[in-house]
Amino acid sequence: MSAGKRSNEPVVWFLFGVGGFFAAYFLPVHVLFYGLLFPSGLVHAPGYQQTLALVRHPLTRLYLFALLTFCFFHAAHRMRLTMSDVLNLRHLNTVLAFLCYGGAIVGTIVTVWLLATV
Amino acid sequence: MSDTIILEVARFNPESDAEPSYESFEVPLRPDWMVLDGLNHIKDQLDGSLAFRWSCRMGICGSCGMMVNGVPTLTCETLLMNYAPGPVRVGPLDHFPVVRDLVVDLDDFLAKLQKVRPWVVRKDDFKPAREFIQSPAQLESFHQFSLCINCTLCYAACPVYGLDPNFIGPAAIALAHRYNLDSRDQGIEDRLDIVSRHEGIWDCTVVGECSTVCPKHVDPSLAIQQYKLTATKEWFKSFLLPRGKH
Ligand code: SF4
Ligand code: FES
């Protein structure tokens, strides 16, 4: 890296940090309800139409967009660092960054598409 | 309980050895003896050729750091008794080139330390007419990070430094942060140019071992994470208001 050049890593770190917040505080709630409480019948599950109406609300769309995309970038950053350090693939850093963040960008596009067309 | 303990000490003489080996010595196990006292016993009574660094014997000079049973440790502060009945393995700090026996080459660390400008940097002609007033709260904000004794245990503990020798590393970043937080200092911009690079704070993956082994509770890991936040704020600021255009 050239002298005096600061890293652009703040961008991915910022996305990683915000994603970590969503992944720690909000994602478990979804897993709890949709993965455990609804399927087991402990809590009465909302019907399809009801859920659809909820998802179509602009605020829900906005929330789901934030939740999913930030979590994608959180996962991408974590995967990149895990692969580069734990698997000792530092020399492939550019490829790993391309694959991980590229994956998160694809995830973001799919999320936007799904939320826009649902 | 036996009143002696076996110390397995790393030996390496660059002039005759291809690689380090361990030599065992039996030393007295006294309740008030530190690991360093065991080493001094060896040097005084058993083998005067053993090389290791120490000075203050009170956890201040930071020169007696070694790997004790694989953990970076200040040997003048750690009771030999903790390792009874032994044996205890004492080696040079990990991740540094070995000069001889337990002595490592710290040039890399010292060069990095200097790079981050760990002193009060002023941009103006700083000649206050009276003493500079710093509130207890302002002092508190950096006090913890100022307790570093440059023992480099955190470098020996850091797996990232082990993988990437270019990493500026825990203590140097914690000290850079200490001066950034000092109300007298104006060097934050200069330091960001050095520290906010890939081989600076962004190389850290928050393993946290540096803070675990630090004998002075500096918590370099916390310093690095706080530094990342500062650097990110500055990055967004310079992105929105490019420097020199205002
Ligand atoms: S931060 Fe702690 S472990 Fe690292 S050099 Fe300073 S005192 Fe030693
Ligand atoms: S001899 Fe000075 S810190 Fe141990």
# chains A, B, ... in the order shown; residues from 1 in each chain; ligands from 1

call {"tool": "interface_residues", "arguments": {"of": "chain A", "to": "chain B", "cutoff": "8 Å", "atoms": "only C-alpha atoms", "output": "ChimeraX atom specification"}}
result
/A:4-11,14,81,85

call {"tool": "select_by_dssp", "arguments": {"residues": "region 149-191 of chain B", "states": "helix (DSSP H, G or I)", "output": "PyMOL selection string"}}
result
chain B and resi 153-157+159-163+170-180+188-191

call {"tool": "closest_atom_pairs", "arguments": {"of": "chain B", "to": "ligand 1", "cutoff": "8 Å", "atoms": "only C-alpha atoms and all ligand atoms", "output": "tab-separated table"}}
result
residue	atom	partner	partner_atom_place_in_ligand_line	distance
B:Gly62	CA	ligand 1	8 (Fe)	6.9
B:Phe145	CA	ligand 1	1 (S)	7.6
B:Leu147	CA	ligand 1	7 (S)	6.7
B:Cys148	CA	ligand 1	6 (Fe)	3.7
B:Ile149	CA	ligand 1	7 (S)	4.5
B:Asn150	CA	ligand 1	5 (S)	3.7
B:Cys151	CA	ligand 1	8 (Fe)	4.0
B:Thr152	CA	ligand 1	5 (S)	3.9
B:Leu153	CA	ligand 1	3 (S)	4.4
B:Cys154	CA	ligand 1	3 (S)	4.1
B:Tyr155	CA	ligand 1	4 (Fe)	6.7
B:Pro170	CA	ligand 1	4 (Fe)	6.2
B:Ala171	CA	ligand 1	1 (S)	4.2
B:Ala172	CA	ligand 1	1 (S)	7.9
B:Ala174	CA	ligand 1	1 (S)	6.7
B:Cys210	CA	ligand 1	3 (S)	6.2
B:Ser211	CA	ligand 1	2 (Fe)	7.1
B:Val213	CA	ligand 1	3 (S)	6.1
B:Cys214	CA	ligand 1	3 (S)	3.6
B:Pro215	CA	ligand 1	2 (Fe)	5.8
B:Lys216	CA	ligand 1	7 (S)	5.1
B:His217	CA	ligand 1	2 (Fe)	6.4
B:Val218	CA	ligand 1	2 (Fe)	5.3
B:Asp219	CA	ligand 1	1 (S)	6.7
B:Pro220	CA	ligand 1	1 (S)	5.5

call {"tool": "closest_atom_pairs", "arguments": {"of": "chain B", "to": "ligand 2", "cutoff": "12 Å", "atoms": "only C-alpha atoms and all ligand atoms", "output": "CSV"}}
result
residue,atom,partner,partner_atom_place_in_ligand_line,distance
B:Met34,CA,ligand 2,4 (Fe),9.9
B:Val35,CA,ligand 2,4 (Fe),10.1
B:Leu36,CA,ligand 2,4 (Fe),7.9
B:Asp37,CA,ligand 2,1 (S),10.3
B:Leu39,CA,ligand 2,1 (S),11.8
B:Asn40,CA,ligand 2,1 (S),11.4
B:Phe52,CA,ligand 2,1 (S),10.4
B:Arg53,CA,ligand 2,1 (S),7.5
B:Trp54,CA,ligand 2,1 (S),4.1
B:Ser55,CA,ligand 2,1 (S),4.4
B:Cys56,CA,ligand 2,2 (Fe),3.9
B:Arg57,CA,ligand 2,1 (S),3.8
B:Met58,CA,ligand 2,2 (Fe),5.5
B:Gly59,CA,ligand 2,3 (S),3.4
B:Ile60,CA,ligand 2,3 (S),4.6
B:Cys61,CA,ligand 2,2 (Fe),3.9
B:Gly62,CA,ligand 2,3 (S),3.8
B:Ser63,CA,ligand 2,2 (Fe),5.3
B:Cys64,CA,ligand 2,4 (Fe),4.4
B:Gly65,CA,ligand 2,4 (Fe),6.9
B:Met66,CA,ligand 2,4 (Fe),9.8
B:Thr73,CA,ligand 2,4 (Fe),9.3
B:Leu74,CA,ligand 2,4 (Fe),5.6
B:Thr75,CA,ligand 2,4 (Fe),6.0
B:Cys76,CA,ligand 2,4 (Fe),4.3
B:Glu77,CA,ligand 2,4 (Fe),6.5
B:Thr78,CA,ligand 2,4 (Fe),9.3
B:Cys148,CA,ligand 2,3 (S),11.1
B:Ile149,CA,ligand 2,3 (S),7.9
B:Asn150,CA,ligand 2,3 (S),9.5
B:Cys151,CA,ligand 2,3 (S),7.3
B:Thr152,CA,ligand 2,3 (S),11.0
B:Leu153,CA,ligand 2,3 (S),11.0
B:Cys214,CA,ligand 2,3 (S),11.9
B:Pro215,CA,ligand 2,3 (S),9.4
B:Lys216,CA,ligand 2,3 (S),10.5

call {"tool": "write_last_selection", "arguments": {"atoms": "C-alpha atoms", "output": "mmCIF file, in the first residue's frame"}}
result
data_model
loop_
_atom_site.group_PDB
_atom_site.id
_atom_site.type_symbol
_atom_site.label_atom_id
_atom_site.label_comp_id
_atom_site.auth_asym_id
_atom_site.auth_seq_id
_atom_site.Cartn_x
_atom_site.Cartn_y
_atom_site.Cartn_z
ATOM 1 C CA MET B 34 9.359 -15.982 40.928
ATOM 2 C CA VAL B 35 10.178 -17.772 37.673
ATOM 3 C CA LEU B 36 12.896 -15.148 37.169
ATOM 4 C CA ASP B 37 14.501 -16.124 40.492
ATOM 5 C CA LEU B 39 16.487 -18.439 36.059
ATOM 6 C CA ASN B 40 18.877 -16.314 38.116
ATOM 7 C CA PHE B 52 17.942 -13.700 29.386
ATOM 8 C CA ARG B 53 16.820 -10.116 30.013
ATOM 9 C CA TRP B 54 15.631 -8.576 33.223
ATOM 10 C CA SER B 55 16.150 -5.418 35.193
ATOM 11 C CA CYS B 56 13.649 -4.081 37.711
ATOM 12 C CA ARG B 57 12.210 -7.312 39.176
ATOM 13 C CA MET B 58 8.997 -5.427 39.949
ATOM 14 C CA GLY B 59 6.935 -5.447 36.767
ATOM 15 C CA ILE B 60 7.973 -1.982 35.622
ATOM 16 C CA CYS B 61 10.753 -2.253 33.062
ATOM 17 C CA GLY B 62 8.990 -4.798 30.865
ATOM 18 C CA SER B 63 12.157 -6.661 29.915
ATOM 19 C CA CYS B 64 11.602 -10.097 31.490
ATOM 20 C CA GLY B 65 8.747 -11.348 29.262
ATOM 21 C CA MET B 66 9.047 -15.001 28.243
ATOM 22 C CA THR B 73 4.380 -14.076 31.020
ATOM 23 C CA LEU B 74 6.320 -11.468 33.011
ATOM 24 C CA THR B 75 8.712 -13.807 34.791
ATOM 25 C CA CYS B 76 9.514 -11.406 37.648
ATOM 26 C CA GLU B 77 5.852 -11.272 38.632
ATOM 27 C CA THR B 78 4.913 -14.920 38.355
ATOM 28 C CA CYS B 148 1.906 0.040 28.998
ATOM 29 C CA ILE B 149 5.455 -1.019 29.912
ATOM 30 C CA ASN B 150 6.388 -2.187 26.380
ATOM 31 C CA CYS B 151 6.880 -5.749 27.526
ATOM 32 C CA THR B 152 5.588 -7.061 24.147
ATOM 33 C CA LEU B 153 3.730 -9.950 25.764
ATOM 34 C CA CYS B 214 -1.307 -7.880 29.391
ATOM 35 C CA PRO B 215 0.208 -7.647 32.901
ATOM 36 C CA LYS B 216 -0.825 -3.979 33.197
#

call {"tool": "residues_around", "arguments": {"residues": "region 81-90 of chain B", "least_positions_apart": "6", "cutoff": "6 Å", "atoms": "only C-alpha atoms", "output": "NGL selection string"}}
result
:B and (5-9 or 67-69)

call {"tool": "residues_around", "arguments": {"residues": "region 43-51 of chain A", "least_positions_apart": "6", "cutoff": "10 Å", "atoms": "only C-alpha atoms", "output": "list in words"}}
result
Phe33, Tyr34, Leu36 and Leu37 of chain A

call {"tool": "residues_around", "arguments": {"residues": "Asp105 (chain B)", "least_positions_apart": "5", "cutoff": "12 Å", "atoms": "only C-alpha atoms", "output": "MDAnalysis selection string"}}
result
chainID B and resid 52:53 63 92:100 110:111 152

call {"tool": "closest_residue", "arguments": {"among": "B:Pro28, B:His177, B:Ile188, B:Lys237", "to": "Ile224 (chain B)", "atoms": "only C-alpha atoms"}}
result
B:His177

call {"tool": "atom_distance", "arguments": {"atom1": "CA of Asp3 (chain B)", "atom2": "CA of Val27 (chain B)"}}
result
8.7 Å

call {"tool": "atom_distance", "arguments": {"atom1": "CA of Phe72 (chain A)", "atom2": "CA of Val29 (chain A)"}}
result
17.1 Å

call {"tool": "residues_around", "arguments": {"residues": "Gly187 (chain B)", "least_positions_apart": "5", "cutoff": "12 Å", "atoms": "only C-alpha atoms", "output": "number ranges by chain"}}
result
B: 116-124, 176-182, 192-195

call {"tool": "residues_around", "arguments": {"residues": "Thr69 (chain A)", "least_positions_apart": "3", "cutoff": "12 Å", "atoms": "only C-alpha atoms", "output": "PyMOL selection string"}}
result
chain A and resi 15-16+18-20+22-23+61-66+72-76+101+103-112+115

call {"tool": "atom_distance", "arguments": {"atom1": "CA of Val95 (chain A)", "atom2": "CA of Pro165 (chain B)"}}
result
21.5 Å
